[in-house]
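Novice: Dropping the structure in here first, questions after.
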Amino acid sequence: MRDMKMRAQLKAGITEVKALISHPMETGRRKNALDETVPAHFIQLVTATLNGKPVLEAQWGTGVSKNPYLTFYLRDAKVGDKVAITWHDNRGESGSGEIAVTAA
Amino acid sequence: MSEQDSSKQHLPRRGFLQLTLGAVAALMWMPVSALAALWNKAAFEATTQPEAAKGLQVAGETPSSEIDIIAPDFAESGAVVQVEVKSRIANTEAIAILVEKNPTPLIANFIFSGGAEPAVVTRIKMAESSNVQIIVKAGDRYFTAAKMVEVSLSGC
(Lines give C-alpha, C1' and ligand atoms only; values in the text may rest on other atoms or scores of the structure.)
Protein backbone atom coordinates (compact mmCIF):
# COMPACT_ATOMS: atom_id res chain seq x y z
CA MET A 1 0.00 0.00 0.00
CA ARG A 2 1.34 3.40 -0.94
CA ASP A 3 1.51 6.14 1.61
CA MET A 4 -1.07 8.93 1.78
CA LYS A 5 -0.89 11.94 4.04
CA MET A 6 -4.19 13.64 4.84
CA ARG A 7 -5.49 16.53 6.88
CA ALA A 8 -9.04 17.88 7.29
CA GLN A 9 -9.41 21.13 9.19
CA LEU A 10 -12.62 23.00 9.90
CA LYS A 11 -12.23 26.77 9.93
CA ALA A 12 -14.94 29.41 9.54
CA GLY A 13 -17.53 26.84 8.49
CA ILE A 14 -15.48 25.33 5.69
CA THR A 15 -13.44 22.15 5.98
CA GLU A 16 -10.20 22.21 4.06
CA VAL A 17 -9.06 18.72 3.08
CA LYS A 18 -5.47 18.28 1.97
CA ALA A 19 -3.98 15.06 0.64
CA LEU A 20 -0.52 14.09 -0.52
CA ILE A 21 -0.38 10.74 -2.28
CA SER A 22 2.85 8.85 -2.81
CA HIS A 23 2.82 7.81 -6.49
CA PRO A 24 5.34 7.95 -9.41
CA MET A 25 2.82 9.37 -11.97
CA GLU A 26 4.91 8.14 -14.93
CA THR A 27 3.71 9.55 -18.24
CA GLY A 28 5.00 6.69 -20.40
CA ARG A 29 7.20 9.15 -22.31
CA ARG A 30 10.11 9.51 -19.88
CA LYS A 31 13.41 7.72 -20.59
CA ASN A 32 15.50 6.30 -17.76
CA ALA A 33 19.32 6.46 -17.46
CA LEU A 34 19.62 3.47 -19.82
CA ASP A 35 17.55 5.30 -22.44
CA GLU A 36 14.65 2.89 -21.92
CA THR A 37 11.12 4.27 -21.92
CA VAL A 38 9.57 4.01 -18.47
CA PRO A 39 6.06 2.55 -18.83
CA ALA A 40 3.09 4.74 -17.98
CA HIS A 41 2.02 4.39 -14.38
CA PHE A 42 -0.42 7.00 -13.15
CA ILE A 43 -3.53 7.51 -11.06
CA GLN A 44 -6.70 7.67 -13.15
CA LEU A 45 -9.46 7.96 -10.59
CA VAL A 46 -9.67 9.60 -7.20
CA THR A 47 -12.81 9.58 -5.10
CA ALA A 48 -13.47 11.33 -1.83
CA THR A 49 -16.29 10.71 0.61
CA LEU A 50 -17.63 12.44 3.71
CA ASN A 51 -19.01 9.88 6.21
CA GLY A 52 -19.24 7.43 3.32
CA LYS A 53 -21.13 9.77 0.96
CA PRO A 54 -19.40 10.90 -2.26
CA VAL A 55 -18.22 14.52 -2.32
CA LEU A 56 -15.61 14.60 -5.07
CA GLU A 57 -14.64 12.43 -8.00
CA ALA A 58 -11.58 13.23 -10.05
CA GLN A 59 -10.29 11.72 -13.25
CA TRP A 60 -6.61 12.32 -13.83
CA GLY A 61 -4.30 12.00 -16.79
CA THR A 62 -0.51 11.78 -16.86
CA GLY A 63 -0.18 15.54 -16.35
CA VAL A 64 -0.70 15.52 -12.60
CA SER A 65 2.68 15.87 -10.87
CA LYS A 66 4.55 13.01 -9.20
CA ASN A 67 3.35 12.45 -5.61
CA PRO A 68 0.02 14.17 -6.30
CA TYR A 69 -1.19 16.96 -4.09
CA LEU A 70 -4.86 17.82 -3.75
CA THR A 71 -6.86 20.29 -1.70
CA PHE A 72 -10.64 20.51 -1.71
CA TYR A 73 -13.26 22.13 0.50
CA LEU A 74 -16.39 20.82 2.20
CA ARG A 75 -19.31 22.89 3.43
CA ASP A 76 -21.22 20.40 5.57
CA ALA A 77 -18.52 18.63 7.58
CA LYS A 78 -18.37 18.75 11.38
CA VAL A 79 -15.53 18.02 13.77
CA GLY A 80 -15.19 14.25 14.06
CA ASP A 81 -16.70 13.52 10.63
CA LYS A 82 -14.74 11.06 8.51
CA VAL A 83 -13.21 12.09 5.19
CA ALA A 84 -11.88 9.25 3.05
CA ILE A 85 -9.95 9.29 -0.24
CA THR A 86 -9.44 6.31 -2.55
CA TRP A 87 -7.39 6.23 -5.75
CA HIS A 88 -6.99 3.72 -8.57
CA ASP A 89 -4.18 3.72 -11.15
CA ASN A 90 -3.74 2.37 -14.68
CA ARG A 91 -2.01 -0.78 -13.41
CA GLY A 92 -4.82 -1.79 -11.09
CA GLU A 93 -3.11 -0.59 -7.94
CA SER A 94 -5.14 1.37 -5.45
CA GLY A 95 -4.76 3.11 -2.15
CA SER A 96 -6.86 4.91 0.37
CA GLY A 97 -6.72 7.08 3.44
CA GLU A 98 -9.20 8.28 6.03
CA ILE A 99 -9.05 11.06 8.56
CA ALA A 100 -11.37 12.75 11.05
CA VAL A 101 -12.18 16.44 10.70
CA THR A 102 -10.44 18.54 13.36
CA ALA A 103 -10.94 22.15 14.42
CA ALA A 104 -8.26 24.50 13.13
CA MET B 1 -25.53 7.66 -33.89
CA SER B 2 -28.99 6.48 -32.97
CA GLU B 3 -28.12 6.76 -29.30
CA GLN B 4 -27.03 10.34 -29.85
CA ASP B 5 -30.31 11.15 -31.53
CA SER B 6 -32.43 9.59 -28.84
CA SER B 7 -30.62 11.09 -25.86
CA LYS B 8 -29.44 14.52 -26.92
CA GLN B 9 -30.29 15.88 -23.49
CA HIS B 10 -28.12 13.44 -21.62
CA LEU B 11 -25.13 12.82 -23.83
CA PRO B 12 -23.23 16.02 -22.98
CA ARG B 13 -23.57 15.22 -19.30
CA ARG B 14 -22.09 11.83 -19.73
CA GLY B 15 -18.84 13.02 -21.19
CA PHE B 16 -18.07 15.45 -18.43
CA LEU B 17 -19.80 13.74 -15.54
CA GLN B 18 -18.89 10.30 -16.63
CA LEU B 19 -19.58 8.65 -13.31
CA THR B 20 -22.83 8.62 -11.50
CA LEU B 21 -22.64 9.00 -7.75
CA GLY B 22 -23.65 5.40 -7.29
CA ALA B 23 -20.72 4.37 -9.42
CA VAL B 24 -18.42 6.41 -7.21
CA ALA B 25 -19.62 4.57 -4.14
CA ALA B 26 -19.16 1.25 -5.91
CA LEU B 27 -15.63 2.02 -7.13
CA MET B 28 -13.91 0.25 -4.28
CA TRP B 29 -15.36 -3.08 -5.28
CA MET B 30 -14.90 -2.78 -9.00
CA PRO B 31 -12.49 -4.92 -10.96
CA VAL B 32 -9.74 -3.11 -12.86
CA SER B 33 -11.39 -3.59 -16.23
CA ALA B 34 -14.50 -1.79 -15.06
CA LEU B 35 -12.45 1.07 -13.69
CA ALA B 36 -10.63 1.45 -16.98
CA ALA B 37 -14.01 1.80 -18.66
CA LEU B 38 -14.95 4.69 -16.38
CA TRP B 39 -11.83 6.71 -17.19
CA ASN B 40 -12.43 9.09 -20.10
CA LYS B 41 -9.75 7.63 -22.37
CA ALA B 42 -10.73 9.67 -25.44
CA ALA B 43 -10.38 12.96 -23.58
CA PHE B 44 -7.23 12.13 -21.63
CA GLU B 45 -5.34 10.63 -24.57
CA ALA B 46 -6.28 13.45 -26.96
CA THR B 47 -3.16 15.23 -28.22
CA THR B 48 -4.73 18.63 -28.92
CA GLN B 49 -6.77 20.93 -26.73
CA PRO B 50 -9.83 20.96 -29.05
CA GLU B 51 -9.85 17.15 -29.17
CA ALA B 52 -9.60 16.94 -25.40
CA ALA B 53 -12.51 19.37 -25.01
CA LYS B 54 -14.47 17.33 -27.52
CA GLY B 55 -13.74 14.19 -25.47
CA LEU B 56 -15.31 15.96 -22.49
CA GLN B 57 -18.37 16.71 -24.69
CA VAL B 58 -17.72 20.42 -24.27
CA ALA B 59 -19.39 22.49 -26.97
CA GLY B 60 -19.21 26.27 -27.14
CA GLU B 61 -17.60 27.22 -23.85
CA THR B 62 -18.18 30.85 -22.82
CA PRO B 63 -15.31 32.95 -21.43
CA SER B 64 -16.02 33.84 -17.80
CA SER B 65 -14.50 36.21 -15.26
CA GLU B 66 -16.06 34.18 -12.45
CA ILE B 67 -13.36 31.53 -12.59
CA ASP B 68 -10.39 32.35 -10.36
CA ILE B 69 -7.08 30.78 -11.35
CA ILE B 70 -4.08 31.14 -9.07
CA ALA B 71 -0.93 29.89 -10.77
CA PRO B 72 2.56 31.35 -11.00
CA ASP B 73 3.37 33.77 -13.85
CA PHE B 74 6.72 32.05 -14.12
CA ALA B 75 7.65 28.49 -13.10
CA GLU B 76 11.28 27.45 -12.77
CA SER B 77 10.39 23.79 -13.31
CA GLY B 78 7.46 22.46 -15.31
CA ALA B 79 7.51 19.25 -13.27
CA VAL B 80 5.54 20.79 -10.41
CA VAL B 81 3.32 23.81 -11.04
CA GLN B 82 0.74 24.49 -8.35
CA VAL B 83 -2.64 25.54 -9.71
CA GLU B 84 -5.55 26.73 -7.60
CA VAL B 85 -8.96 27.02 -9.22
CA LYS B 86 -12.19 28.36 -7.80
CA SER B 87 -15.46 28.75 -9.65
CA ARG B 88 -17.92 31.44 -8.57
CA ILE B 89 -20.39 30.29 -11.22
CA ALA B 90 -23.69 29.10 -9.73
CA ASN B 91 -24.32 25.35 -9.92
CA THR B 92 -20.76 24.46 -10.88
CA GLU B 93 -20.63 20.69 -11.25
CA ALA B 94 -17.15 20.11 -12.57
CA ILE B 95 -13.81 21.79 -13.17
CA ALA B 96 -11.39 20.54 -15.82
CA ILE B 97 -7.75 21.66 -16.07
CA LEU B 98 -6.01 21.65 -19.44
CA VAL B 99 -2.53 22.72 -20.55
CA GLU B 100 -2.77 23.67 -24.22
CA LYS B 101 0.83 22.84 -25.14
CA ASN B 102 1.23 19.56 -23.22
CA PRO B 103 1.53 16.34 -25.29
CA THR B 104 -1.83 15.36 -23.82
CA PRO B 105 -3.54 18.62 -22.80
CA LEU B 106 -6.19 17.31 -20.40
CA ILE B 107 -4.69 17.14 -16.91
CA ALA B 108 -7.64 16.49 -14.65
CA ASN B 109 -11.41 16.71 -14.35
CA PHE B 110 -12.90 17.23 -10.89
CA ILE B 111 -16.59 16.51 -10.33
CA PHE B 112 -18.21 17.91 -7.20
CA SER B 113 -21.19 16.67 -5.21
CA GLY B 114 -22.57 16.43 -1.70
CA GLY B 115 -21.48 19.77 -0.27
CA ALA B 116 -18.06 20.12 -1.87
CA GLU B 117 -17.12 23.68 -2.79
CA PRO B 118 -16.30 24.10 -6.52
CA ALA B 119 -12.62 24.67 -5.87
CA VAL B 120 -9.43 22.62 -5.99
CA VAL B 121 -5.71 23.01 -5.55
CA THR B 122 -3.38 20.59 -7.29
CA ARG B 123 0.08 20.40 -8.87
CA ILE B 124 0.55 19.75 -12.57
CA LYS B 125 3.27 19.07 -15.14
CA MET B 126 3.92 21.52 -17.96
CA ALA B 127 6.02 20.69 -21.02
CA GLU B 128 6.58 24.33 -21.99
CA SER B 129 5.18 27.82 -21.50
CA SER B 130 1.46 27.58 -22.13
CA ASN B 131 -1.96 28.75 -21.22
CA VAL B 132 -3.50 26.79 -18.37
CA GLN B 133 -7.12 26.53 -19.40
CA ILE B 134 -9.99 25.85 -17.05
CA ILE B 135 -13.36 24.57 -18.25
CA VAL B 136 -16.25 24.73 -15.81
CA LYS B 137 -19.45 22.77 -16.30
CA ALA B 138 -22.55 24.36 -14.78
CA GLY B 139 -25.77 22.62 -15.73
CA ASP B 140 -25.78 22.32 -19.51
CA ARG B 141 -23.37 25.19 -20.01
CA TYR B 142 -19.60 25.38 -20.15
CA PHE B 143 -17.44 28.32 -19.12
CA THR B 144 -13.75 28.90 -19.57
CA ALA B 145 -10.84 30.99 -18.36
CA ALA B 146 -7.10 30.74 -18.90
CA LYS B 147 -3.85 31.91 -17.38
CA MET B 148 -0.46 32.00 -19.07
CA VAL B 149 2.37 30.28 -17.19
CA GLU B 150 5.96 30.72 -18.42
CA VAL B 151 8.02 27.57 -17.87
CA SER B 152 11.81 27.55 -18.09
CA LEU B 153 12.47 23.81 -17.65
CA SER B 154 10.14 21.24 -19.21
CA GLY B 155 8.30 18.94 -16.84
CA CYS B 156 7.09 16.31 -19.28
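Naming scheme: A, B, ... for chains in displayed order of the C-alpha coordinates; residues 1 onward per chain; ligands 1 onward as shown.
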Taking only C-alpha atoms into account, what are the residues of chain A at most 9 Å from chain B, put as an mmCIF file with N, CA and C atoms, in the first residue's frame?
Specialist:
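Once written, out-v1.cif looks like this:
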data_model
loop_
_atom_site.group_PDB
_atom_site.id
_atom_site.type_symbol
_atom_site.label_atom_id
_atom_site.label_comp_id
_atom_site.auth_asym_id
_atom_site.auth_seq_id
_atom_site.Cartn_x
_atom_site.Cartn_y
_atom_site.Cartn_z
ATOM 1 N N ILE A 14 -15.917 26.101 6.854
ATOM 2 C CA ILE A 14 -15.482 25.326 5.686
ATOM 3 C C ILE A 14 -14.367 24.371 6.123
ATOM 4 N N LYS A 18 -6.709 18.327 2.742
ATOM 5 C CA LYS A 18 -5.467 18.280 1.967
ATOM 6 C C LYS A 18 -4.981 16.847 1.921
ATOM 7 N N THR A 27 4.511 9.211 -17.065
ATOM 8 C CA THR A 27 3.709 9.554 -18.239
ATOM 9 C C THR A 27 3.752 8.482 -19.334
ATOM 10 N N ARG A 29 6.327 8.506 -21.306
ATOM 11 C CA ARG A 29 7.197 9.147 -22.306
ATOM 12 C C ARG A 29 8.616 9.355 -21.790
ATOM 13 N N ARG A 30 8.809 9.220 -20.482
ATOM 14 C CA ARG A 30 10.111 9.510 -19.884
ATOM 15 C C ARG A 30 11.097 8.363 -20.157
ATOM 16 N N GLN A 44 -5.643 7.275 -12.217
ATOM 17 C CA GLN A 44 -6.699 7.666 -13.151
ATOM 18 C C GLN A 44 -7.956 8.170 -12.441
ATOM 19 N N LEU A 45 -8.230 7.581 -11.287
ATOM 20 C CA LEU A 45 -9.462 7.960 -10.588
ATOM 21 C C LEU A 45 -9.184 8.212 -9.112
ATOM 22 N N THR A 47 -11.480 9.280 -5.637
ATOM 23 C CA THR A 47 -12.809 9.582 -5.104
ATOM 24 C C THR A 47 -12.677 9.961 -3.635
ATOM 25 N N ALA A 48 -13.476 10.919 -3.230
ATOM 26 C CA ALA A 48 -13.472 11.333 -1.831
ATOM 27 C C ALA A 48 -14.885 11.228 -1.285
ATOM 28 N N THR A 49 -14.986 10.813 -0.032
ATOM 29 C CA THR A 49 -16.289 10.708 0.609
ATOM 30 C C THR A 49 -16.265 11.414 1.963
ATOM 31 N N LEU A 50 -17.437 11.878 2.380
ATOM 32 C CA LEU A 50 -17.626 12.442 3.712
ATOM 33 C C LEU A 50 -18.618 11.530 4.422
ATOM 34 N N GLY A 52 -18.819 8.459 4.260
ATOM 35 C CA GLY A 52 -19.241 7.428 3.315
ATOM 36 C C GLY A 52 -20.011 7.925 2.113
ATOM 37 N N LYS A 53 -20.376 9.235 2.096
ATOM 38 C CA LYS A 53 -21.129 9.767 0.955
ATOM 39 C C LYS A 53 -20.186 10.511 0.008
ATOM 40 N N PRO A 54 -20.320 10.280 -1.305
ATOM 41 C CA PRO A 54 -19.396 10.905 -2.260
ATOM 42 C C PRO A 54 -19.455 12.435 -2.222
ATOM 43 N N VAL A 55 -18.289 13.062 -2.252
ATOM 44 C CA VAL A 55 -18.221 14.521 -2.317
ATOM 45 C C VAL A 55 -17.403 15.007 -3.509
ATOM 46 N N LEU A 56 -16.480 14.179 -3.956
ATOM 47 C CA LEU A 56 -15.610 14.595 -5.069
ATOM 48 C C LEU A 56 -15.163 13.360 -5.826
ATOM 49 N N GLU A 57 -15.192 13.475 -7.158
ATOM 50 C CA GLU A 57 -14.644 12.427 -7.995
ATOM 51 C C GLU A 57 -13.742 13.102 -9.005
ATOM 52 N N ALA A 58 -12.515 12.636 -9.091
ATOM 53 C CA ALA A 58 -11.581 13.229 -10.045
ATOM 54 C C ALA A 58 -11.076 12.163 -10.992
ATOM 55 N N GLN A 59 -10.978 12.552 -12.270
ATOM 56 C CA GLN A 59 -10.289 11.724 -13.246
ATOM 57 C C GLN A 59 -8.997 12.454 -13.578
ATOM 58 N N TRP A 60 -7.908 11.724 -13.565
ATOM 59 C CA TRP A 60 -6.606 12.322 -13.829
ATOM 60 C C TRP A 60 -5.955 11.692 -15.046
ATOM 61 N N GLY A 61 -5.145 12.500 -15.727
ATOM 62 C CA GLY A 61 -4.295 11.995 -16.793
ATOM 63 C C GLY A 61 -2.857 11.963 -16.299
ATOM 64 N N THR A 62 -1.921 11.886 -17.244
ATOM 65 C CA THR A 62 -0.509 11.781 -16.858
ATOM 66 C C THR A 62 0.074 13.133 -16.442
ATOM 67 N N GLY A 63 -0.699 14.207 -16.619
ATOM 68 C CA GLY A 63 -0.177 15.545 -16.354
ATOM 69 C C GLY A 63 -0.246 16.013 -14.911
ATOM 70 N N VAL A 64 -0.748 15.175 -14.024
ATOM 71 C CA VAL A 64 -0.703 15.523 -12.602
ATOM 72 C C VAL A 64 0.699 15.159 -12.098
ATOM 73 N N SER A 65 1.289 16.052 -11.307
ATOM 74 C CA SER A 65 2.676 15.868 -10.874
ATOM 75 C C SER A 65 2.877 14.608 -10.037
ATOM 76 N N LYS A 66 4.124 14.122 -10.049
ATOM 77 C CA LYS A 66 4.549 13.011 -9.198
ATOM 78 C C LYS A 66 4.185 13.325 -7.741
ATOM 79 N N PRO A 68 1.097 13.184 -6.128
ATOM 80 C CA PRO A 68 0.020 14.165 -6.302
ATOM 81 C C PRO A 68 -0.434 14.847 -5.006
ATOM 82 N N TYR A 69 -0.713 16.122 -5.178
ATOM 83 C CA TYR A 69 -1.188 16.960 -4.088
ATOM 84 C C TYR A 69 -2.581 17.442 -4.454
ATOM 85 N N LEU A 70 -3.479 17.415 -3.485
ATOM 86 C CA LEU A 70 -4.860 17.819 -3.747
ATOM 87 C C LEU A 70 -5.445 18.513 -2.521
ATOM 88 N N THR A 71 -6.082 19.641 -2.752
ATOM 89 C CA THR A 71 -6.864 20.291 -1.702
ATOM 90 C C THR A 71 -8.277 20.474 -2.222
ATOM 91 N N PHE A 72 -9.258 20.180 -1.365
ATOM 92 C CA PHE A 72 -10.641 20.510 -1.710
ATOM 93 C C PHE A 72 -11.352 20.964 -0.438
ATOM 94 N N TYR A 73 -12.572 21.466 -0.606
ATOM 95 C CA TYR A 73 -13.259 22.134 0.495
ATOM 96 C C TYR A 73 -14.678 21.596 0.668
ATOM 97 N N LEU A 74 -15.059 21.359 1.914
ATOM 98 C CA LEU A 74 -16.389 20.817 2.204
ATOM 99 C C LEU A 74 -17.178 21.785 3.074
ATOM 100 N N ARG A 75 -18.442 21.973 2.699
ATOM 101 C CA ARG A 75 -19.313 22.894 3.433
ATOM 102 C C ARG A 75 -19.939 22.256 4.676
ATOM 103 N N ASP A 76 -20.323 20.980 4.564
ATOM 104 C CA ASP A 76 -21.220 20.400 5.571
ATOM 105 C C ASP A 76 -20.531 19.521 6.603
ATOM 106 N N ALA A 77 -19.218 19.540 6.656
ATOM 107 C CA ALA A 77 -18.520 18.633 7.579
ATOM 108 C C ALA A 77 -18.451 19.226 8.987
ATOM 109 N N THR A 86 -9.902 7.552 -1.922
ATOM 110 C CA THR A 86 -9.437 6.305 -2.547
ATOM 111 C C THR A 86 -8.970 6.618 -3.959
ATOM 112 N N TRP A 87 -7.856 6.039 -4.359
ATOM 113 C CA TRP A 87 -7.393 6.226 -5.746
ATOM 114 C C TRP A 87 -7.168 4.878 -6.415
ATOM 115 N N HIS A 88 -7.240 4.905 -7.752
ATOM 116 C CA HIS A 88 -6.987 3.725 -8.574
ATOM 117 C C HIS A 88 -6.079 4.142 -9.718
ATOM 118 N N ASP A 89 -5.056 3.334 -10.028
ATOM 119 C CA ASP A 89 -4.183 3.718 -11.151
ATOM 120 C C ASP A 89 -4.345 2.790 -12.350
ATOM 121 N N ASN A 90 -3.585 3.101 -13.419
ATOM 122 C CA ASN A 90 -3.745 2.374 -14.679
ATOM 123 C C ASN A 90 -3.199 0.951 -14.620
ATOM 124 N N ARG A 91 -2.507 0.590 -13.543
ATOM 125 C CA ARG A 91 -2.013 -0.779 -13.405
ATOM 126 C C ARG A 91 -2.858 -1.602 -12.447
ATOM 127 N N GLY A 92 -3.956 -1.039 -11.999
ATOM 128 C CA GLY A 92 -4.819 -1.786 -11.090
ATOM 129 C C GLY A 92 -4.444 -1.649 -9.629
ATOM 130 N N GLU A 93 -3.441 -0.834 -9.345
ATOM 131 C CA GLU A 93 -3.111 -0.586 -7.942
ATOM 132 C C GLU A 93 -4.103 0.432 -7.378
ATOM 133 N N SER A 94 -4.284 0.383 -6.077
ATOM 134 C CA SER A 94 -5.142 1.371 -5.447
ATOM 135 C C SER A 94 -4.630 1.677 -4.050
#
Novice: Among segment 4-99 of chain A, which residues carry a DSSP assignment of strand (DSSP E), reported as a VMD selection string?
Specialist: chain A and resid 4 to 11 14 to 21 43 to 50 53 to 60 69 to 74 82 to 89 94 to 99
Novice: Could you please determine the separation between atom CA of Gln133 of chain B and atom CA of Ala146 of chain B in Å, to one decimal place?
Specialist: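 Interatomic distance, atom CA of Gln133 of chain B to atom CA of Ala146 of chain B: 4.2 Å.
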